[in-house]
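Single-structure report; data block below.
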Amino acid sequence: MHLHEVETIGRDALADLQVGALRATLERARRSPFYGRRLAEAGIGPQDIRTPGDIRKLPLTTKDDLRTEYPFGLVACPREELVRLHASSGTTGASTVVFHDRQDLDNWSDLVARCMYMVGMRPGDVFQNMTAYGLFTGGLGMHYGAERLGCLTVPAGPGNTQRQVKLIRDFSVTALHIIPSYALHFAGWLEREGIDPGDLTPRIALIGAEPHTGEARSRIESLLELKAYNSYGLSEMNGPGVAFECPEQQGMHLWEDAFLMEVVDPETLEPVPDGEPGELVLTTLQRRAMPILRYRTKDITRILPGECACGRTHRRIDRITGRSDDMFIIKGVNIYPMQIERVLLGIPEVGQNYLIILDREQDIDQLRVKVEIKAEHYRDDPAAMAVLHRRIIHRLRDELLVTPGLDLMPPRSLPEAQGKAQRVEDLRPR
Ligand code: AMP
Ligand code: ZN
């Protein structure tokens with residue numbers, strides 16, 4: 001593993017590479033039922049792509065398209081060539097799934113290994129992956145990238161901090177993958193246990209999967225005494241390995257040989273100038289089993305103008321500052337308000353109104369739910385309400401995969417739902 005020559009490719013050569021890859025992507029995509037229809041309707045084929053800007057002739061793809069086409073509508077190869085699937089977080093009902101063939105997994109591992117190499121990981125490093133395995137892409141995605149690079153990889157998974165520390169000590173772990181909210185929790189735990197992070201061996205942390213501020217990163221770096229690098233990805237574009245910080249820590253290089261990037265105004269869908277915030281739209285350039293064209297990520301960011309001091313020519317995006325839909329991310333898990341509503345309204349004791357409160361503590365987003373209880377079930381006594389409280393918490397956790405704060409409220413104590421109710425109170429500082 002080394003710095004791949006494509007990382008410093010000239011912009012003209014990159015454009016040529018993108019045009020070739022985009023044509024091949026269209027050729028494959030139209031073998032899928034969904035894009036077969038879409039591209040025929042639009043009357044667009046590979047021959048219409050002459051510059052990377054011709055991407056704008058193609059139709060956009062949304063998460064709703066992926067849901068409607070669930071499970072196989074975007075698959076562009078024979079079923080028996082598929083070797084892996086991942087699904088975006090969010091459990092019931094509104095699932096989306098992404099499939100890979102063997103070559104896709106190889107390419108993905110290469111991209112992740114490239115990111116790791118970029119921030120200074122080398123064969124011989126010991127890598128502890130402290131995020132969830134399973135359908136979530138941060139587990140297996142980072143895992144195979146680290147193995148590809150040549151690191152001894154510890155598939156620790158999340159939680160159980162005491163065991164995490166034992167693994168770090170026993171195997172002299174030098175690099176971690178950890179979501180920012182858990183990194184802060186982890187640092188607090190070390191402090192309470194009187195463990196000096198300077199005595200632990202990790203010198204690099206890869207942090208991502210959820211929005212976090214520059215301040216949160218600085219705090220993680222100083223509390224854990226290491227360097228922390230922002231990692232951006234989404235299941236639809238593999239997962240980790242889409243955009244990643246280099247040692248300059250001035251924005252994330254988006255790998256433009258693998259993904260074609262646009263930043264558009266989320267209302268007009270017209271491109272915004274470099275430096276201006278907008279919604280990131282991505283097209284896979286290497287994906288074989290399931291190419292995705294012009295995917296609306298709903299993530300708000302901007303292209304950072306100018307060249308990076310590291311010498312890589314792939315353009316950088318800024319930290320993700322928000323979403324253009326109502327999704328929020330708690331402990332790395334994607335959550336839509338509708339999921340919470342569905343759970344609450346399925347519980348007979350729950351009354352008319354509820355409120356979802358988003359706040360930020362220690363630079364990390366927190367979720368609290370307030371829900372009215374019907375008069376006949378409400379007692380002004382926490383002990384009497386404990387069983388119901390626990391039941392609602394369990395239901396929410398089963399659906400959301402994280403445990404929110406929960407307050408049971410007397411009837412008619414929350415804002416009345418009139419017309420389009422304001423169900424989310426966002427107290428997060430802008
Ligand atoms: P999933 O497909 O479940 O992995 O979720 C992908 C979403 O997580 C992205 O669309 C972003 O909203 C969010 N995300 C991933 N990485 C980051 C990051 N480094 N900073 C902010 N948000 C992120
Ligand atoms: Zn750089």
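To be explicit about the labels: the chains of the structure tokens are called A, B, and onward in the order shown, and within each one the residues are counted from 1, while ligands get numbers from 1 in the order they are shown.
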What are the closest atom pairs, with distances in Å to one decimal, for all residues of chain A lying within 6 Å of ligand 2? Consider only C-alpha atoms and all ligand atoms, order rows by chain and residue number, and present the result as a Markdown table.
| residue | atom | partner | partner_atom_place_in_ligand_line | distance |
| --- | --- | --- | --- | --- |
| A:Cys246 | CA | ligand 2 | 1 (Zn) | 4.6 |
| A:Glu248 | CA | ligand 2 | 1 (Zn) | 5.7 |
| A:Cys308 | CA | ligand 2 | 1 (Zn) | 4.7 |
| A:Ala309 | CA | ligand 2 | 1 (Zn) | 5.9 |
| A:Cys310 | CA | ligand 2 | 1 (Zn) | 4.2 |
| A:Arg312 | CA | ligand 2 | 1 (Zn) | 5.5 |
- Task: Tell me, as a ChimeraX atom specification, which residues lie within 12 Å of region 394-405 of chain A, counting only C-alpha atoms; anything in the same chain fewer than 4 positions away does not count.
- Result: /A:89-94,132,136,328-347,355-359,365-371,387-390
- Message: Neighbours of ligand 1 at 7 Å or closer, counting only C-alpha atoms and all ligand atoms: which residues, as a ChimeraX atom specification?
- Response: /A:88-89,136-137,207-212,230-236,239,297-299,319-320,323,333-334
- Task: Write down as JSON, numbers by chain the residues belonging to region 182-221 of chain A that are assigned helix (DSSP H, G or I) by DSSP computed on the backbone.
- Result: {"A": [182, 183, 184, 185, 186, 187, 188, 189, 190, 191, 192, 197, 198, 199, 214, 215, 216, 217, 218, 219, 220, 221]}
- Neighbour list for Pro59 (chain A) as an MDAnalysis selection string, cut-off 9 Å, only C-alpha atoms, skip fewer than 5 positions in-chain: chainID A and resid 38:39 42 293:294
- Which residues in region 258-418 of chain A does DSSP call strand (DSSP E or B)? List them as a ChimeraX atom specification. /A:259-264,271,278-284,295-301,303-304,316-317,322-323,328-330,333-335,350-361,364-373,405-409
Selection above as a file: C-alpha atoms, as a short mmCIF file (atom, residue, chain, number, x, y, z; two decimals), in the first residue's frame:
data_model
loop_
_atom_site.label_atom_id
_atom_site.label_comp_id
_atom_site.auth_asym_id
_atom_site.auth_seq_id
_atom_site.Cartn_x
_atom_site.Cartn_y
_atom_site.Cartn_z
CA PHE A 259 -17.59 9.25 -6.96
CA LEU A 260 -18.73 12.13 -9.11
CA MET A 261 -19.67 15.02 -6.88
CA GLU A 262 -22.12 17.87 -7.31
CA VAL A 263 -23.28 20.42 -4.75
CA VAL A 264 -26.74 21.77 -5.54
CA PRO A 271 -25.44 23.73 -8.93
CA GLY A 278 -25.67 23.12 -0.73
CA GLU A 279 -26.76 19.51 -0.87
CA LEU A 280 -24.18 16.93 -1.84
CA VAL A 281 -25.21 14.79 -4.82
CA LEU A 282 -23.07 11.74 -5.61
CA THR A 283 -22.77 9.27 -8.47
CA THR A 284 -20.92 5.97 -8.17
CA TYR A 295 -27.98 10.38 -5.40
CA ARG A 296 -29.39 13.16 -3.25
CA THR A 297 -27.53 12.61 0.03
CA LYS A 298 -29.49 15.39 1.80
CA ASP A 299 -26.21 16.25 3.51
CA ILE A 300 -25.37 19.96 3.50
CA THR A 301 -21.75 20.88 2.86
CA ILE A 303 -16.72 22.42 -1.81
CA LEU A 304 -13.63 24.06 -0.34
CA ARG A 316 -12.32 18.74 -0.50
CA ILE A 317 -15.71 19.10 1.14
CA GLY A 322 -26.80 19.64 8.52
CA ARG A 323 -29.44 17.89 6.46
CA PHE A 328 -31.11 13.44 12.55
CA ILE A 329 -28.34 11.25 13.83
CA ILE A 330 -28.00 10.13 17.44
CA VAL A 333 -27.84 6.05 14.11
CA ASN A 334 -30.09 7.72 11.53
CA ILE A 335 -33.51 8.63 12.88
CA VAL A 350 -50.25 7.52 24.87
CA GLY A 351 -52.38 10.66 24.49
CA GLN A 352 -52.63 13.35 21.84
CA ASN A 353 -49.31 15.11 21.65
CA TYR A 354 -45.64 14.48 21.73
CA LEU A 355 -42.51 16.52 21.26
CA ILE A 356 -39.09 15.46 20.01
CA ILE A 357 -36.36 17.60 21.52
CA LEU A 358 -32.93 17.77 19.94
CA ASP A 359 -30.20 19.36 21.97
CA ARG A 360 -26.44 19.36 22.08
CA GLU A 361 -24.32 18.40 25.05
CA ILE A 364 -22.88 15.96 20.52
CA ASP A 365 -26.55 15.73 19.55
CA GLN A 366 -28.93 14.33 22.16
CA LEU A 367 -32.52 13.13 21.81
CA ARG A 368 -35.33 13.55 24.32
CA VAL A 369 -38.98 12.64 23.79
CA LYS A 370 -41.87 14.16 25.75
CA VAL A 371 -45.17 12.42 25.38
CA GLU A 372 -48.62 13.07 26.81
CA ILE A 373 -50.31 10.18 28.63
CA GLY A 405 -34.51 10.42 27.19
CA LEU A 406 -38.26 10.13 27.88
CA ASP A 407 -40.67 12.29 29.89
CA LEU A 408 -44.27 11.21 30.48
CA MET A 409 -46.42 14.32 30.56
#
- Message: With only C-alpha atoms as the counted atoms, please give the residues lying no more than 10 Å from Pro197 (chain A), apart from itself and same-chain residues fewer than 5 positions off, as an MDAnalysis selection string.
- Response: chainID A and resid 187 190:191 202 222:226
- Item | Near-Ala258 (chain A) list (10 Å; only C-alpha atoms; drop same-chain fewer than 5 positions) as an MDAnalysis selection string | chainID A and resid 17:18 21:22 107:108 111 237 241:242 282:287
Please write the residues from the selection above to a file, keeping N, CA, C and O atoms, as a PDB file, in the first residue's frame.
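Generated file (result-v2.pdb):
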ATOM      1  N   LEU A  17     -10.903  10.429 -17.001  1.00  0.00           N
ATOM      2  CA  LEU A  17     -11.180   9.184 -16.263  1.00  0.00           C
ATOM      3  C   LEU A  17     -12.659   9.128 -15.858  1.00  0.00           C
ATOM      4  O   LEU A  17     -13.322   8.099 -15.987  1.00  0.00           O
ATOM      5  N   GLN A  18     -13.174  10.283 -15.392  1.00  0.00           N
ATOM      6  CA  GLN A  18     -14.572  10.319 -14.943  1.00  0.00           C
ATOM      7  C   GLN A  18     -15.541  10.083 -16.100  1.00  0.00           C
ATOM      8  O   GLN A  18     -16.540   9.387 -15.943  1.00  0.00           O
ATOM      9  N   ALA A  21     -15.548   6.428 -16.875  1.00  0.00           N
ATOM     10  CA  ALA A  21     -16.193   5.650 -15.814  1.00  0.00           C
ATOM     11  C   ALA A  21     -17.696   5.903 -15.791  1.00  0.00           C
ATOM     12  O   ALA A  21     -18.491   5.000 -15.513  1.00  0.00           O
ATOM     13  N   LEU A  22     -18.084   7.136 -16.098  1.00  0.00           N
ATOM     14  CA  LEU A  22     -19.512   7.465 -16.082  1.00  0.00           C
ATOM     15  C   LEU A  22     -20.240   6.750 -17.220  1.00  0.00           C
ATOM     16  O   LEU A  22     -21.351   6.227 -17.043  1.00  0.00           O
ATOM     17  N   ASN A 107     -12.960  -2.928  -4.455  1.00  0.00           N
ATOM     18  CA  ASN A 107     -12.774  -1.492  -4.672  1.00  0.00           C
ATOM     19  C   ASN A 107     -13.020  -0.705  -3.394  1.00  0.00           C
ATOM     20  O   ASN A 107     -12.315   0.255  -3.084  1.00  0.00           O
ATOM     21  N   TRP A 108     -14.036  -1.111  -2.670  1.00  0.00           N
ATOM     22  CA  TRP A 108     -14.371  -0.424  -1.417  1.00  0.00           C
ATOM     23  C   TRP A 108     -13.208  -0.558  -0.419  1.00  0.00           C
ATOM     24  O   TRP A 108     -12.775   0.427   0.189  1.00  0.00           O
ATOM     25  N   LEU A 111     -10.448   1.761  -1.293  1.00  0.00           N
ATOM     26  CA  LEU A 111     -10.726   3.158  -0.944  1.00  0.00           C
ATOM     27  C   LEU A 111     -10.503   3.406   0.545  1.00  0.00           C
ATOM     28  O   LEU A 111      -9.914   4.409   0.944  1.00  0.00           O
ATOM     29  N   MET A 237     -23.352   4.934  -0.996  1.00  0.00           N
ATOM     30  CA  MET A 237     -22.067   5.080  -1.693  1.00  0.00           C
ATOM     31  C   MET A 237     -21.035   4.155  -1.040  1.00  0.00           C
ATOM     32  O   MET A 237     -19.908   4.553  -0.795  1.00  0.00           O
ATOM     33  N   GLY A 241     -15.151   5.770   3.404  1.00  0.00           N
ATOM     34  CA  GLY A 241     -14.257   5.766   2.248  1.00  0.00           C
ATOM     35  C   GLY A 241     -14.740   6.673   1.130  1.00  0.00           C
ATOM     36  O   GLY A 241     -14.192   6.639   0.040  1.00  0.00           O
ATOM     37  N   VAL A 242     -15.751   7.502   1.376  1.00  0.00           N
ATOM     38  CA  VAL A 242     -16.219   8.438   0.353  1.00  0.00           C
ATOM     39  C   VAL A 242     -15.374   9.716   0.409  1.00  0.00           C
ATOM     40  O   VAL A 242     -14.818  10.151  -0.600  1.00  0.00           O
ATOM     41  N   LEU A 282     -24.190  12.622  -5.253  1.00  0.00           N
ATOM     42  CA  LEU A 282     -23.074  11.742  -5.605  1.00  0.00           C
ATOM     43  C   LEU A 282     -23.493  10.652  -6.589  1.00  0.00           C
ATOM     44  O   LEU A 282     -24.601  10.114  -6.501  1.00  0.00           O
ATOM     45  N   THR A 283     -22.579  10.356  -7.498  1.00  0.00           N
ATOM     46  CA  THR A 283     -22.773   9.275  -8.467  1.00  0.00           C
ATOM     47  C   THR A 283     -21.642   8.262  -8.309  1.00  0.00           C
ATOM     48  O   THR A 283     -20.475   8.654  -8.245  1.00  0.00           O
ATOM     49  N   THR A 284     -21.979   6.981  -8.254  1.00  0.00           N
ATOM     50  CA  THR A 284     -20.923   5.968  -8.168  1.00  0.00           C
ATOM     51  C   THR A 284     -20.244   5.852  -9.538  1.00  0.00           C
ATOM     52  O   THR A 284     -20.917   5.833 -10.565  1.00  0.00           O
ATOM     53  N   LEU A 285     -18.930   5.776  -9.546  1.00  0.00           N
ATOM     54  CA  LEU A 285     -18.196   5.632 -10.812  1.00  0.00           C
ATOM     55  C   LEU A 285     -17.564   4.256 -10.958  1.00  0.00           C
ATOM     56  O   LEU A 285     -17.099   3.901 -12.031  1.00  0.00           O
ATOM     57  N   GLN A 286     -17.524   3.483  -9.865  1.00  0.00           N
ATOM     58  CA  GLN A 286     -16.883   2.165  -9.929  1.00  0.00           C
ATOM     59  C   GLN A 286     -17.861   1.028  -9.651  1.00  0.00           C
ATOM     60  O   GLN A 286     -17.531  -0.128  -9.881  1.00  0.00           O
ATOM     61  N   ARG A 287     -19.036   1.354  -9.107  1.00  0.00           N
ATOM     62  CA  ARG A 287     -19.949   0.317  -8.620  1.00  0.00           C
ATOM     63  C   ARG A 287     -20.460  -0.517  -9.778  1.00  0.00           C
ATOM     64  O   ARG A 287     -20.877  -0.002 -10.800  1.00  0.00           O
TER      65      ARG A 287
END
- Quick one: residues within 12 Å of Glu147 (chain A), only C-alpha atoms counted, chain neighbours fewer than 4 positions away excluded, as a list of chain:residue names?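 My reading of the contact set: A:Met1, A:Asp106, A:Ser109, A:Asp110, A:Val112, A:Ala113, A:Arg114, A:Met116, A:Tyr117, A:Met121, A:Arg122, A:Pro123, A:Gly124, A:Asp125, A:Val126, A:Phe127, A:Gln128, A:Asn129, A:Leu140, A:Gly141, A:Met142, A:His143, A:Cys151, A:Leu152, A:Thr153, A:Val154, A:Pro155.
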- Rounded to one decimal place, report the CA of Val83 (chain A)-CA of Leu105 (chain A) distance in Å. 8.6 Å
- Which is closest to Ser181 (chain A) among A:Glu416, A:Glu81, A:Asp363, A:Glu7, if we use only C-alpha atoms?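 Of A:Glu416, A:Glu81, A:Asp363, A:Glu7, the one nearest Ser181 (chain A) is A:Asp363, counting only C-alpha atoms.
Using only C-alpha atoms, the residues found no farther than 10 Å from Pro158 (chain A), other than those of its own chain fewer than 5 positions away, are A:Asn129, A:Met130, A:Thr131, A:Ala132, A:Tyr133, A:Gly139, A:Gln164, A:His177, A:Ile178, A:Ile179, A:Tyr182.
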Output all heavy atoms for every residue in that selection, as an mmCIF file, in the first residue's frame.
data_model
loop_
_atom_site.group_PDB
_atom_site.id
_atom_site.type_symbol
_atom_site.label_atom_id
_atom_site.label_comp_id
_atom_site.auth_asym_id
_atom_site.auth_seq_id
_atom_site.Cartn_x
_atom_site.Cartn_y
_atom_site.Cartn_z
ATOM 1 N N ASN A 129 -11.594 -1.610 15.762
ATOM 2 C CA ASN A 129 -12.823 -1.073 15.180
ATOM 3 C C ASN A 129 -13.923 -1.074 16.236
ATOM 4 O O ASN A 129 -14.482 -2.114 16.565
ATOM 5 C CB ASN A 129 -13.218 -1.899 13.954
ATOM 6 C CG ASN A 129 -14.234 -1.179 13.100
ATOM 7 O OD1 ASN A 129 -14.596 -0.027 13.370
ATOM 8 N ND2 ASN A 129 -14.707 -1.845 12.062
ATOM 9 N N MET A 130 -14.214 0.113 16.760
ATOM 10 C CA MET A 130 -15.127 0.237 17.902
ATOM 11 C C MET A 130 -16.523 0.663 17.470
ATOM 12 O O MET A 130 -17.260 1.271 18.244
ATOM 13 C CB MET A 130 -14.552 1.236 18.914
ATOM 14 C CG MET A 130 -13.191 0.787 19.440
ATOM 15 S SD MET A 130 -12.280 2.076 20.318
ATOM 16 C CE MET A 130 -13.246 2.257 21.811
ATOM 17 N N THR A 131 -16.890 0.388 16.213
ATOM 18 C CA THR A 131 -18.263 0.669 15.789
ATOM 19 C C THR A 131 -18.989 -0.644 15.534
ATOM 20 O O THR A 131 -18.376 -1.708 15.437
ATOM 21 C CB THR A 131 -18.303 1.514 14.507
ATOM 22 O OG1 THR A 131 -17.602 0.831 13.483
ATOM 23 C CG2 THR A 131 -17.660 2.862 14.729
ATOM 24 N N ALA A 132 -20.311 -0.529 15.378
ATOM 25 C CA ALA A 132 -21.161 -1.711 15.225
ATOM 26 C C ALA A 132 -20.845 -2.438 13.923
ATOM 27 O O ALA A 132 -20.623 -1.825 12.887
ATOM 28 C CB ALA A 132 -22.621 -1.291 15.250
ATOM 29 N N TYR A 133 -20.820 -3.746 13.994
ATOM 30 C CA TYR A 133 -20.756 -4.580 12.792
ATOM 31 C C TYR A 133 -22.204 -4.846 12.348
ATOM 32 O O TYR A 133 -23.136 -4.269 12.893
ATOM 33 C CB TYR A 133 -19.998 -5.866 13.088
ATOM 34 C CG TYR A 133 -18.483 -5.652 13.021
ATOM 35 C CD1 TYR A 133 -17.817 -4.857 13.950
ATOM 36 C CD2 TYR A 133 -17.731 -6.206 11.997
ATOM 37 C CE1 TYR A 133 -16.459 -4.636 13.861
ATOM 38 C CE2 TYR A 133 -16.365 -5.999 11.909
ATOM 39 C CZ TYR A 133 -15.739 -5.213 12.840
ATOM 40 O OH TYR A 133 -14.389 -4.998 12.742
ATOM 41 N N GLY A 139 -18.742 -1.080 10.330
ATOM 42 C CA GLY A 139 -18.064 -2.248 10.866
ATOM 43 C C GLY A 139 -17.234 -2.938 9.796
ATOM 44 O O GLY A 139 -16.011 -2.813 9.739
ATOM 45 N N GLN A 164 -12.905 -2.707 25.957
ATOM 46 C CA GLN A 164 -12.194 -1.959 24.911
ATOM 47 C C GLN A 164 -10.781 -1.613 25.390
ATOM 48 O O GLN A 164 -9.797 -1.780 24.666
ATOM 49 C CB GLN A 164 -12.924 -0.648 24.569
ATOM 50 C CG GLN A 164 -14.344 -0.806 24.054
ATOM 51 C CD GLN A 164 -14.433 -1.183 22.576
ATOM 52 O OE1 GLN A 164 -13.417 -1.398 21.914
ATOM 53 N NE2 GLN A 164 -15.657 -1.281 22.068
ATOM 54 N N HIS A 177 -11.218 3.191 15.281
ATOM 55 C CA HIS A 177 -12.378 3.767 14.604
ATOM 56 C C HIS A 177 -13.470 3.857 15.644
ATOM 57 O O HIS A 177 -13.854 2.854 16.245
ATOM 58 C CB HIS A 177 -12.827 2.879 13.431
ATOM 59 C CG HIS A 177 -14.043 3.391 12.726
ATOM 60 N ND1 HIS A 177 -15.041 2.575 12.270
ATOM 61 C CD2 HIS A 177 -14.407 4.662 12.398
ATOM 62 C CE1 HIS A 177 -15.974 3.317 11.680
ATOM 63 N NE2 HIS A 177 -15.619 4.576 11.745
ATOM 64 N N ILE A 178 -13.972 5.074 15.853
ATOM 65 C CA ILE A 178 -14.900 5.288 16.966
ATOM 66 C C ILE A 178 -15.812 6.445 16.595
ATOM 67 O O ILE A 178 -15.358 7.411 15.981
ATOM 68 C CB ILE A 178 -14.069 5.566 18.261
ATOM 69 C CG1 ILE A 178 -14.959 5.702 19.492
ATOM 70 C CG2 ILE A 178 -13.172 6.796 18.111
ATOM 71 C CD1 ILE A 178 -14.157 5.661 20.804
ATOM 72 N N ILE A 179 -17.105 6.346 16.911
ATOM 73 C CA ILE A 179 -17.957 7.487 16.577
ATOM 74 C C ILE A 179 -17.738 8.584 17.629
ATOM 75 O O ILE A 179 -17.418 8.290 18.791
ATOM 76 C CB ILE A 179 -19.450 7.115 16.423
ATOM 77 C CG1 ILE A 179 -20.056 6.620 17.716
ATOM 78 C CG2 ILE A 179 -19.662 6.086 15.306
ATOM 79 C CD1 ILE A 179 -21.564 6.440 17.609
ATOM 80 N N TYR A 182 -19.252 8.382 21.144
ATOM 81 C CA TYR A 182 -18.672 7.353 22.001
ATOM 82 C C TYR A 182 -17.245 7.731 22.408
ATOM 83 O O TYR A 182 -16.818 7.441 23.530
ATOM 84 C CB TYR A 182 -18.708 5.984 21.308
ATOM 85 C CG TYR A 182 -18.222 4.852 22.198
ATOM 86 C CD1 TYR A 182 -18.658 4.747 23.512
ATOM 87 C CD2 TYR A 182 -17.310 3.914 21.730
ATOM 88 C CE1 TYR A 182 -18.203 3.733 24.338
ATOM 89 C CE2 TYR A 182 -16.855 2.883 22.543
ATOM 90 C CZ TYR A 182 -17.301 2.802 23.846
ATOM 91 O OH TYR A 182 -16.842 1.795 24.661
#
